[in-house]
>>> print(open('upload.pdb').read())   # PDB, C-alpha atoms, pLDDT in the B column
ATOM      1  CA  MET A  12     -24.299 -90.455 -36.309  1.00 74.00           C
ATOM      2  CA  LYS A  13     -23.167 -92.606 -39.248  1.00 85.00           C
ATOM      3  CA  LYS A  14     -20.526 -94.245 -37.113  1.00 87.00           C
ATOM      4  CA  GLY A  15     -23.136 -95.187 -34.465  1.00 87.00           C
ATOM      5  CA  ILE A  16     -25.410 -96.752 -37.092  1.00 89.00           C
ATOM      6  CA  LEU A  17     -22.470 -98.762 -38.469  1.00 89.00           C
ATOM      7  CA  ILE A  18     -21.607-100.015 -34.981  1.00 90.00           C
ATOM      8  CA  VAL A  19     -25.229-101.044 -34.275  1.00 89.00           C
ATOM      9  CA  LEU A  20     -25.459-102.647 -37.726  1.00 90.00           C
ATOM     10  CA  GLY A  21     -22.176-104.503 -37.072  1.00 91.00           C
ATOM     11  CA  VAL A  22     -23.416-105.756 -33.679  1.00 91.00           C
ATOM     12  CA  VAL A  23     -26.747-106.875 -35.188  1.00 91.00           C
ATOM     13  CA  LEU A  24     -24.923-108.572 -38.083  1.00 93.00           C
ATOM     14  CA  GLY A  25     -22.566-110.271 -35.597  1.00 93.00           C
ATOM     15  CA  LEU A  26     -25.512-111.496 -33.529  1.00 94.00           C
ATOM     16  CA  VAL A  27     -27.278-112.794 -36.650  1.00 93.00           C
ATOM     17  CA  LEU A  28     -24.061-114.563 -37.692  1.00 94.00           C
ATOM     18  CA  ILE A  29     -23.641-116.124 -34.225  1.00 94.00           C
ATOM     19  CA  MET A  30     -27.307-117.222 -34.189  1.00 92.00           C
ATOM     20  CA  GLY A  31     -26.935-118.665 -37.699  1.00 92.00           C
ATOM     21  CA  MET A  32     -23.823-120.614 -36.687  1.00 94.00           C
ATOM     22  CA  TRP A  33     -25.592-121.883 -33.553  1.00 91.00           C
ATOM     23  CA  ALA A  34     -28.658-122.924 -35.591  1.00 92.00           C
ATOM     24  CA  ALA A  35     -26.509-124.735 -38.174  1.00 93.00           C
ATOM     25  CA  SER A  36     -24.536-126.494 -35.462  1.00 92.00           C
ATOM     26  CA  GLY A  37     -27.672-127.492 -33.545  1.00 92.00           C
ATOM     27  CA  TYR A  38     -29.428-128.688 -36.703  1.00 94.00           C
ATOM     28  CA  ASN A  39     -26.402-130.750 -37.717  1.00 94.00           C
ATOM     29  CA  LYS A  40     -26.290-132.327 -34.254  1.00 94.00           C
ATOM     30  CA  LEU A  41     -29.990-133.193 -34.487  1.00 94.00           C
ATOM     31  CA  VAL A  42     -29.473-134.760 -37.914  1.00 94.00           C
ATOM     32  CA  SER A  43     -26.439-136.799 -36.878  1.00 94.00           C
ATOM     33  CA  THR A  44     -28.026-138.094 -33.676  1.00 94.00           C
ATOM     34  CA  SER A  45     -31.333-138.899 -35.406  1.00 93.00           C
ATOM     35  CA  GLU A  46     -29.476-140.857 -38.101  1.00 94.00           C
ATOM     36  CA  ALA A  47     -27.514-142.753 -35.449  1.00 94.00           C
ATOM     37  CA  VAL A  48     -30.741-144.306 -34.100  1.00 92.00           C
ATOM     38  CA  PRO A  49     -31.648-146.316 -37.244  1.00 92.00           C
ATOM     39  CA  ALA A  50     -27.974-147.205 -37.703  1.00 93.00           C
ATOM     40  CA  ALA A  51     -27.843-148.635 -34.175  1.00 93.00           C
ATOM     41  CA  TRP A  52     -31.127-150.481 -34.767  1.00 91.00           C
ATOM     42  CA  SER A  53     -29.639-151.958 -37.928  1.00 91.00           C
ATOM     43  CA  GLN A  54     -26.812-153.423 -35.842  1.00 92.00           C
ATOM     44  CA  VAL A  55     -29.356-154.959 -33.459  1.00 91.00           C
ATOM     45  CA  GLU A  56     -31.204-156.469 -36.433  1.00 90.00           C
ATOM     46  CA  THR A  57     -27.961-157.879 -37.815  1.00 91.00           C
ATOM     47  CA  VAL A  58     -27.144-159.843 -34.677  1.00 91.00           C
ATOM     48  CA  LEU A  59     -30.777-160.894 -34.220  1.00 89.00           C
ATOM     49  CA  GLN A  60     -30.730-162.211 -37.790  1.00 89.00           C
ATOM     50  CA  ARG A  61     -27.567-164.151 -36.978  1.00 89.00           C
ATOM     51  CA  ARG A  62     -29.418-165.755 -34.071  1.00 88.00           C
ATOM     52  CA  TYR A  63     -32.328-166.664 -36.307  1.00 86.00           C
ATOM     53  CA  ASP A  64     -29.983-168.146 -38.882  1.00 87.00           C
ATOM     54  CA  LEU A  65     -28.482-170.413 -36.200  1.00 85.00           C
ATOM     55  CA  VAL A  66     -31.823-171.579 -34.828  1.00 82.00           C
ATOM     56  CA  PRO A  67     -32.730-174.137 -37.562  1.00 82.00           C
ATOM     57  CA  ASN A  68     -29.381-175.899 -37.115  1.00 80.00           C
ATOM     58  CA  LEU A  69     -29.808-175.932 -33.351  1.00 80.00           C
ATOM     59  CA  VAL A  70     -33.391-177.206 -33.600  1.00 77.00           C
ATOM     60  CA  ASN A  71     -32.421-179.975 -36.043  1.00 77.00           C
ATOM     61  CA  THR A  72     -29.578-181.094 -33.790  1.00 75.00           C
ATOM     62  CA  VAL A  73     -31.830-181.179 -30.729  1.00 76.00           C
ATOM     63  CA  LYS A  74     -34.610-182.956 -32.692  1.00 72.00           C
ATOM     64  CA  GLY A  75     -32.428-185.992 -33.146  1.00 69.00           C
ATOM     65  CA  TYR A  76     -32.094-186.402 -29.389  1.00 68.00           C
ATOM     66  CA  ALA A  77     -35.318-184.987 -28.025  1.00 66.00           C
ATOM     67  CA  ARG A  78     -38.056-186.251 -30.307  1.00 64.00           C
ATOM     68  CA  HIS A  79     -40.783-185.923 -27.661  1.00 58.00           C
ATOM     69  CA  GLU A  80     -39.989-182.214 -27.087  1.00 69.00           C
ATOM     70  CA  LYS A  81     -41.841-181.469 -30.318  1.00 73.00           C
ATOM     71  CA  GLU A  82     -44.061-178.716 -28.860  1.00 78.00           C
ATOM     72  CA  LEU A  83     -41.107-176.559 -27.802  1.00 79.00           C
ATOM     73  CA  LEU A  84     -39.248-177.159 -31.060  1.00 79.00           C
ATOM     74  CA  THR A  85     -42.395-176.197 -32.982  1.00 83.00           C
ATOM     75  CA  GLU A  86     -42.675-173.010 -30.907  1.00 84.00           C
ATOM     76  CA  VAL A  87     -39.044-172.084 -31.632  1.00 85.00           C
ATOM     77  CA  THR A  88     -39.639-172.624 -35.349  1.00 84.00           C
ATOM     78  CA  LYS A  89     -42.864-170.556 -35.204  1.00 87.00           C
ATOM     79  CA  LEU A  90     -41.093-167.695 -33.400  1.00 86.00           C
ATOM     80  CA  ARG A  91     -38.316-167.761 -35.980  1.00 84.00           C
ATOM     81  CA  SER A  92     -40.985-167.384 -38.688  1.00 87.00           C
ATOM     82  CA  GLN A  93     -42.503-164.447 -36.793  1.00 88.00           C
ATOM     83  CA  TRP A  94     -39.125-162.716 -36.882  1.00 83.00           C
ATOM     84  CA  GLY A  95     -38.948-163.191 -40.647  1.00 84.00           C
ATOM     85  CA  ALA A  96     -42.485-161.852 -41.096  1.00 89.00           C
ATOM     86  CA  ALA A  97     -42.078-158.878 -38.738  1.00 88.00           C
ATOM     87  CA  LYS A  98     -42.299-155.573 -40.566  1.00 89.00           C
ATOM     88  CA  THR A  99     -42.122-152.997 -37.797  1.00 87.00           C
ATOM     89  CA  GLN A 100     -39.510-152.465 -35.152  1.00 84.00           C
ATOM     90  CA  SER A 101     -41.954-153.291 -32.357  1.00 83.00           C
ATOM     91  CA  GLU A 102     -42.949-156.565 -34.085  1.00 87.00           C
ATOM     92  CA  LYS A 103     -39.269-157.477 -34.364  1.00 86.00           C
ATOM     93  CA  VAL A 104     -38.654-156.651 -30.700  1.00 84.00           C
ATOM     94  CA  SER A 105     -41.632-158.808 -29.704  1.00 86.00           C
ATOM     95  CA  ALA A 106     -40.442-161.722 -31.863  1.00 87.00           C
ATOM     96  CA  ALA A 107     -36.891-161.393 -30.518  1.00 87.00           C
ATOM     97  CA  ASN A 108     -38.112-161.422 -26.917  1.00 86.00           C
ATOM     98  CA  GLY A 109     -40.282-164.471 -27.587  1.00 87.00           C
ATOM     99  CA  MET A 110     -37.336-166.249 -29.176  1.00 86.00           C
ATOM    100  CA  GLU A 111     -35.123-165.442 -26.188  1.00 86.00           C
ATOM    101  CA  SER A 112     -37.645-167.036 -23.865  1.00 85.00           C
ATOM    102  CA  ALA A 113     -38.073-170.122 -26.072  1.00 85.00           C
ATOM    103  CA  LEU A 114     -34.312-170.580 -26.465  1.00 84.00           C
ATOM    104  CA  GLY A 115     -33.940-170.400 -22.690  1.00 84.00           C
ATOM    105  CA  ARG A 116     -36.506-173.182 -22.317  1.00 82.00           C
ATOM    106  CA  LEU A 117     -34.767-175.146 -25.079  1.00 81.00           C
ATOM    107  CA  MET A 118     -31.482-174.998 -23.172  1.00 80.00           C
ATOM    108  CA  VAL A 119     -33.284-176.354 -20.106  1.00 80.00           C
ATOM    109  CA  VAL A 120     -34.524-179.276 -22.232  1.00 76.00           C
ATOM    110  CA  VAL A 121     -30.990-179.888 -23.427  1.00 76.00           C
ATOM    111  CA  GLU A 122     -29.898-180.431 -19.828  1.00 77.00           C
ATOM    112  CA  LYS A 123     -32.014-183.607 -19.824  1.00 76.00           C
ATOM    113  CA  TYR A 124     -29.940-185.184 -22.616  1.00 74.00           C
ATOM    114  CA  PRO A 125     -26.307-185.832 -21.607  1.00 71.00           C
ATOM    115  CA  ASP A 126     -25.477-187.377 -25.013  1.00 71.00           C
ATOM    116  CA  LEU A 127     -26.679-184.232 -26.739  1.00 71.00           C
ATOM    117  CA  LYS A 128     -24.569-182.023 -24.487  1.00 66.00           C
ATOM    118  CA  ALA A 129     -21.511-184.043 -25.572  1.00 67.00           C
ATOM    119  CA  ASN A 130     -22.329-183.865 -29.303  1.00 75.00           C
ATOM    120  CA  GLN A 131     -19.698-181.750 -31.106  1.00 77.00           C
ATOM    121  CA  ASN A 132     -22.197-180.166 -33.522  1.00 75.00           C
ATOM    122  CA  PHE A 133     -24.398-179.148 -30.628  1.00 76.00           C
ATOM    123  CA  ILE A 134     -21.479-177.798 -28.609  1.00 80.00           C
ATOM    124  CA  ARG A 135     -20.337-175.698 -31.572  1.00 81.00           C
ATOM    125  CA  LEU A 136     -23.880-174.388 -32.183  1.00 80.00           C
ATOM    126  CA  GLN A 137     -24.351-173.662 -28.493  1.00 82.00           C
ATOM    127  CA  ASP A 138     -21.076-171.703 -28.414  1.00 86.00           C
ATOM    128  CA  GLU A 139     -22.077-169.732 -31.507  1.00 86.00           C
ATOM    129  CA  LEU A 140     -25.477-169.031 -30.019  1.00 85.00           C
ATOM    130  CA  ALA A 141     -23.902-167.902 -26.726  1.00 87.00           C
ATOM    131  CA  GLY A 142     -21.579-165.576 -28.641  1.00 89.00           C
ATOM    132  CA  THR A 143     -24.524-164.245 -30.605  1.00 89.00           C
ATOM    133  CA  GLU A 144     -26.512-163.630 -27.423  1.00 89.00           C
ATOM    134  CA  ASN A 145     -23.573-161.614 -26.074  1.00 91.00           C
ATOM    135  CA  ARG A 146     -23.466-159.592 -29.294  1.00 92.00           C
ATOM    136  CA  ILE A 147     -27.209-158.985 -29.063  1.00 91.00           C
ATOM    137  CA  SER A 148     -26.798-157.716 -25.522  1.00 91.00           C
ATOM    138  CA  VAL A 149     -24.007-155.344 -26.545  1.00 94.00           C
ATOM    139  CA  GLU A 150     -25.901-154.033 -29.574  1.00 93.00           C
ATOM    140  CA  ARG A 151     -29.059-153.514 -27.504  1.00 92.00           C
ATOM    141  CA  MET A 152     -27.062-151.470 -25.006  1.00 94.00           C
ATOM    142  CA  ARG A 153     -25.537-149.417 -27.833  1.00 95.00           C
ATOM    143  CA  TYR A 154     -28.932-148.926 -29.427  1.00 94.00           C
ATOM    144  CA  ASN A 155     -30.519-147.786 -26.161  1.00 94.00           C
ATOM    145  CA  ALA A 156     -27.575-145.434 -25.527  1.00 95.00           C
ATOM    146  CA  THR A 157     -27.996-143.987 -29.030  1.00 95.00           C
ATOM    147  CA  VAL A 158     -31.744-143.478 -28.546  1.00 94.00           C
ATOM    148  CA  ASN A 159     -31.014-141.850 -25.201  1.00 95.00           C
ATOM    149  CA  ALA A 160     -28.410-139.504 -26.723  1.00 95.00           C
ATOM    150  CA  TYR A 161     -30.844-138.500 -29.472  1.00 96.00           C
ATOM    151  CA  ASN A 162     -33.693-137.923 -27.004  1.00 95.00           C
ATOM    152  CA  VAL A 163     -31.444-135.763 -24.830  1.00 95.00           C
ATOM    153  CA  VAL A 164     -30.456-133.602 -27.811  1.00 95.00           C
ATOM    154  CA  VAL A 165     -34.095-133.235 -28.898  1.00 95.00           C
ATOM    155  CA  ARG A 166     -35.262-132.243 -25.419  1.00 94.00           C
ATOM    156  CA  ARG A 167     -32.307-130.132 -24.216  1.00 94.00           C
ATOM    157  CA  PHE A 168     -32.534-126.352 -24.407  1.00 92.00           C
ATOM    158  CA  PRO A 169     -31.822-124.611 -26.786  1.00 90.00           C
ATOM    159  CA  THR A 170     -31.746-127.396 -29.421  1.00 92.00           C
ATOM    160  CA  ASN A 171     -35.327-128.265 -28.444  1.00 93.00           C
ATOM    161  CA  ILE A 172     -36.333-125.041 -30.216  1.00 92.00           C
ATOM    162  CA  LEU A 173     -34.693-126.209 -33.439  1.00 93.00           C
ATOM    163  CA  ALA A 174     -36.102-129.716 -32.952  1.00 94.00           C
ATOM    164  CA  GLY A 175     -39.595-128.249 -32.800  1.00 94.00           C
ATOM    165  CA  MET A 176     -39.005-126.019 -35.816  1.00 93.00           C
ATOM    166  CA  PHE A 177     -37.686-128.883 -37.961  1.00 93.00           C
ATOM    167  CA  ASP A 178     -40.063-131.573 -36.616  1.00 94.00           C
ATOM    168  CA  PHE A 179     -37.481-133.752 -34.843  1.00 94.00           C
ATOM    169  CA  LYS A 180     -39.465-135.856 -32.402  1.00 93.00           C
ATOM    170  CA  LYS A 181     -38.327-137.808 -29.368  1.00 90.00           C
ATOM    171  CA  SER A 182     -37.809-141.506 -30.052  1.00 87.00           C
ATOM    172  CA  GLY A 183     -39.645-143.725 -27.591  1.00 72.00           C
ATOM    173  CA  ASP A 184     -38.372-147.001 -28.975  1.00 77.00           C
ATOM    174  CA  TYR A 185     -36.029-148.332 -26.326  1.00 83.00           C
ATOM    175  CA  PHE A 186     -35.308-152.055 -26.515  1.00 79.00           C
ATOM    176  CA  LYS A 187     -36.819-153.559 -23.363  1.00 76.00           C
ATOM    177  CA  SER A 188     -37.020-157.102 -22.070  1.00 65.00           C
ATOM    178  CA  GLU A 189     -40.335-158.853 -21.721  1.00 63.00           C
ATOM    179  CA  GLY A 190     -41.539-159.349 -18.153  1.00 55.00           C
ATOM    180  CA  GLU A 191     -40.880-163.098 -18.266  1.00 52.00           C
ATOM    181  CA  ALA A 192     -37.241-162.502 -19.208  1.00 48.00           C
ATOM    182  CA  LYS A 193     -36.616-161.272 -15.664  1.00 46.00           C
ATOM    183  CA  GLN A 194     -37.227-164.753 -14.269  1.00 51.00           C
ATOM    184  CA  ALA A 195     -34.815-167.643 -14.647  1.00 47.00           C
ATOM    185  CA  PRO A 196     -36.342-170.702 -16.324  1.00 45.00           C
ATOM    186  CA  LYS A 197     -37.299-173.509 -13.957  1.00 48.00           C
ATOM    187  CA  VAL A 198     -35.532-176.837 -14.378  1.00 39.00           C
ATOM    188  CA  ASN A 199     -37.571-179.913 -13.415  1.00 42.00           C
ATOM    189  CA  PHE A 200     -36.293-183.450 -13.889  1.00 32.00           C
TER     190      PHE A 200
END
>>> encode(input="upload.pdb", output="structure tokens")
Amino acid sequence: MKKGILIVLGVVLGLVLIMGMWAASGYNKLVSTSEAVPAAWSQVETVLQRRYDLVPNLVNTVKGYARHEKELLTEVTKLRSQWGAAKTQSEKVSAANGMESALGRLMVVVEKYPDLKANQNFIRLQDELAGTENRISVERMRYNATVNAYNVVVRRFPTNILAGMFDFKKSGDYFKSEGEAKQAPKVNF
């Protein structure tokens, strides 16, 4: 009889140990994937900030050639200010999308000024901005992949049980383009 109790106790203890190891592993996975989301967002913010740091130089260079394009240049400057004032992630996404649209229109304006397109300062700024836009695209993809990985872990069985117990919630903050970003800017001469 004693031997049977010891066997049952050993099996129960083994099951508790296995469940404990599973819970620790699942919790650690939830923590690491949830921490990866703000880290990925930080990378997006870094490259967006680089874009916003380039904008004043680009605007000043274009101003010298395109004095009558004041409205667009004012809009670009205003959108840059919105980025600086944005506090929440959604405000920053909105400001970034607005800036993308305005910069696209600015590049269309630039096409009207052949001397500007040949200016070395402008060419260098345009190349830096193009490189920055590529970085933004890459970091957005990484961020969205990180959010996706976290959401999968939170929703997948059996870690969804732990996620509920420890209040890990699904992140709904994917970086999406604005509707107008899906259309190419129109060029009219």
>>> closest_residue(input="upload.pdb", among="A:Val73, A:Gly37, A:Leu65, A:Ser45", to="Leu127 of chain A", atoms="all atoms listed in the file")
A:Val73
>>> closest_residue(input="upload.pdb", among="A:Lys81, A:Ala107, A:Ala160, A:Gly15", to="Gln93 of chain A", atoms="all atoms listed in the file")
A:Ala107
>>> closest_residue(input="upload.pdb", among="A:Gln100, A:Asn108, A:Asn132, A:Thr57", to="Gly183 of chain A", atoms="all atoms listed in the file")
A:Gln100
>>> residues_around(input="upload.pdb", residues="segment 144-149 of chain A", least_positions_apart="4", cutoff="12 Å", atoms="all atoms listed in the file", output="VMD selection string")
chain A and resid 51 to 63 65 104 107 to 108 110 to 111 114 to 115 137 to 140 153 to 156 186 to 188
>>> residues_around(input="upload.pdb", residues="Glu86 of chain A", least_positions_apart="3", cutoff="10 Å", atoms="all atoms listed in the file", output="PyMOL selection string")
chain A and resi 81-83+89-92+109-110+113-114
>>> axis_aligned_box(input="upload.pdb", around="segment 111-128 of chain A", padding_each_side="4 Å", output="AutoDock Vina command-line options")
--center_x -31.3 --center_y -176.4 --center_z -23.3 --size_x 21.5 --size_y 29.9 --size_z 14.9
>>> residues_near_point(input="upload.pdb", point="(-34.0, -178.8, -27.3)", cutoff="8 Å", atoms="all atoms listed in the file", output="PyMOL selection string")
chain A and resi 69-70+73-74+77+80+83-84+116-121
>>> atom_distance(input="upload.pdb", atom1="atom CA of Thr88 of chain A", atom2="atom CA of Asp184 of chain A")
26.4 Å
>>> resolve_selection(input="upload.pdb", expression="the PyMOL selection byres ((chain A and resi 165-172) around 10)", output="PyMOL selection string")
chain A and resi 33-34+36-38+40-41+44-45+159-164+173-182
>>> residues_around(input="upload.pdb", residues="Trp94 of chain A", least_positions_apart="3", cutoff="6 Å", atoms="all atoms listed in the file", output="PyMOL selection string")
chain A and resi 91+97+103+106
>>> atom_distance(input="upload.pdb", atom1="atom CA of Tyr185 of chain A", atom2="atom CA of Thr143 of chain A")
20.1 Å
>>> atom_distance(input="upload.pdb", atom1="atom CA of Met152 of chain A", atom2="atom CA of Glu122 of chain A")
29.6 Å
>>> decode(input="upload.pdb", residues="segment 64-126 of chain A", atoms="C-alpha atoms", output="JSON list (two decimals), in the first residue's frame")
[["chain", "number", "residue", "atom", "x", "y", "z"],
["A", 64, "ASP", "CA", 15.59, 65.63, -39.04],
["A", 65, "LEU", "CA", 16.26, 65.69, -42.80],
["A", 66, "VAL", "CA", 13.06, 67.54, -43.68],
["A", 67, "PRO", "CA", 14.13, 71.10, -42.67],
["A", 68, "ASN", "CA", 17.26, 70.84, -44.84],
["A", 69, "LEU", "CA", 15.22, 69.52, -47.75],
["A", 70, "VAL", "CA", 12.57, 72.23, -47.34],
["A", 71, "ASN", "CA", 15.18, 75.00, -47.16],
["A", 72, "THR", "CA", 16.90, 73.72, -50.29],
["A", 73, "VAL", "CA", 13.62, 73.54, -52.21],
["A", 74, "LYS", "CA", 12.55, 76.99, -50.91],
["A", 75, "GLY", "CA", 15.38, 78.63, -52.76],
["A", 76, "TYR", "CA", 14.10, 77.28, -56.07],
["A", 77, "ALA", "CA", 10.37, 77.02, -55.56],
["A", 78, "ARG", "CA", 9.34, 80.17, -53.74],
["A", 79, "HIS", "CA", 5.74, 80.03, -54.98],
["A", 80, "GLU", "CA", 5.24, 76.49, -53.61],
["A", 81, "LYS", "CA", 4.90, 78.03, -50.15],
["A", 82, "GLU", "CA", 1.66, 76.21, -49.24],
["A", 83, "LEU", "CA", 3.19, 72.75, -49.66],
["A", 84, "LEU", "CA", 6.39, 73.74, -47.86],
["A", 85, "THR", "CA", 4.29, 75.15, -45.00],
["A", 86, "GLU", "CA", 2.34, 71.88, -44.84],
["A", 87, "VAL", "CA", 5.55, 69.83, -44.68],
["A", 88, "THR", "CA", 6.83, 72.04, -41.86],
["A", 89, "LYS", "CA", 3.47, 71.75, -40.02],
["A", 90, "LEU", "CA", 3.48, 67.95, -40.34],
["A", 91, "ARG", "CA", 7.04, 67.83, -39.03],
["A", 92, "SER", "CA", 5.85, 69.81, -35.98],
["A", 93, "GLN", "CA", 2.97, 67.36, -35.50],
["A", 94, "TRP", "CA", 5.49, 64.52, -35.34],
["A", 95, "GLY", "CA", 7.43, 66.36, -32.64],
["A", 96, "ALA", "CA", 4.25, 67.03, -30.65],
["A", 97, "ALA", "CA", 2.82, 63.52, -31.01],
["A", 98, "LYS", "CA", 2.61, 61.72, -27.69],
["A", 99, "THR", "CA", 0.89, 58.45, -28.53],
["A", 100, "GLN", "CA", 1.83, 55.79, -31.01],
["A", 101, "SER", "CA", -1.31, 56.39, -33.07],
["A", 102, "GLU", "CA", -0.58, 60.16, -33.23],
["A", 103, "LYS", "CA", 2.94, 59.37, -34.44],
["A", 104, "VAL", "CA", 1.63, 56.94, -37.07],
["A", 105, "SER", "CA", -0.84, 59.58, -38.29],
["A", 106, "ALA", "CA", 1.87, 62.26, -38.46],
["A", 107, "ALA", "CA", 4.25, 59.88, -40.26],
["A", 108, "ASN", "CA", 1.60, 58.97, -42.84],
["A", 109, "GLY", "CA", 0.79, 62.64, -43.42],
["A", 110, "MET", "CA", 4.48, 63.41, -43.87],
["A", 111, "GLU", "CA", 4.85, 60.57, -46.38],
["A", 112, "SER", "CA", 2.05, 62.01, -48.46],
["A", 113, "ALA", "CA", 3.43, 65.56, -48.28],
["A", 114, "LEU", "CA", 6.95, 64.43, -49.17],
["A", 115, "GLY", "CA", 5.55, 62.58, -52.18],
["A", 116, "ARG", "CA", 3.87, 65.78, -53.35],
["A", 117, "LEU", "CA", 7.08, 67.71, -52.66],
["A", 118, "MET", "CA", 9.02, 65.36, -54.94],
["A", 119, "VAL", "CA", 6.45, 65.99, -57.67],
["A", 120, "VAL", "CA", 7.05, 69.74, -57.26],
["A", 121, "VAL", "CA", 10.78, 69.16, -57.53],
["A", 122, "GLU", "CA", 10.25, 67.64, -60.98],
["A", 123, "LYS", "CA", 9.22, 71.11, -62.18],
["A", 124, "TYR", "CA", 12.64, 72.59, -61.35],
["A", 125, "PRO", "CA", 15.48, 71.09, -63.43],
["A", 126, "ASP", "CA", 18.09, 73.35, -61.77]]
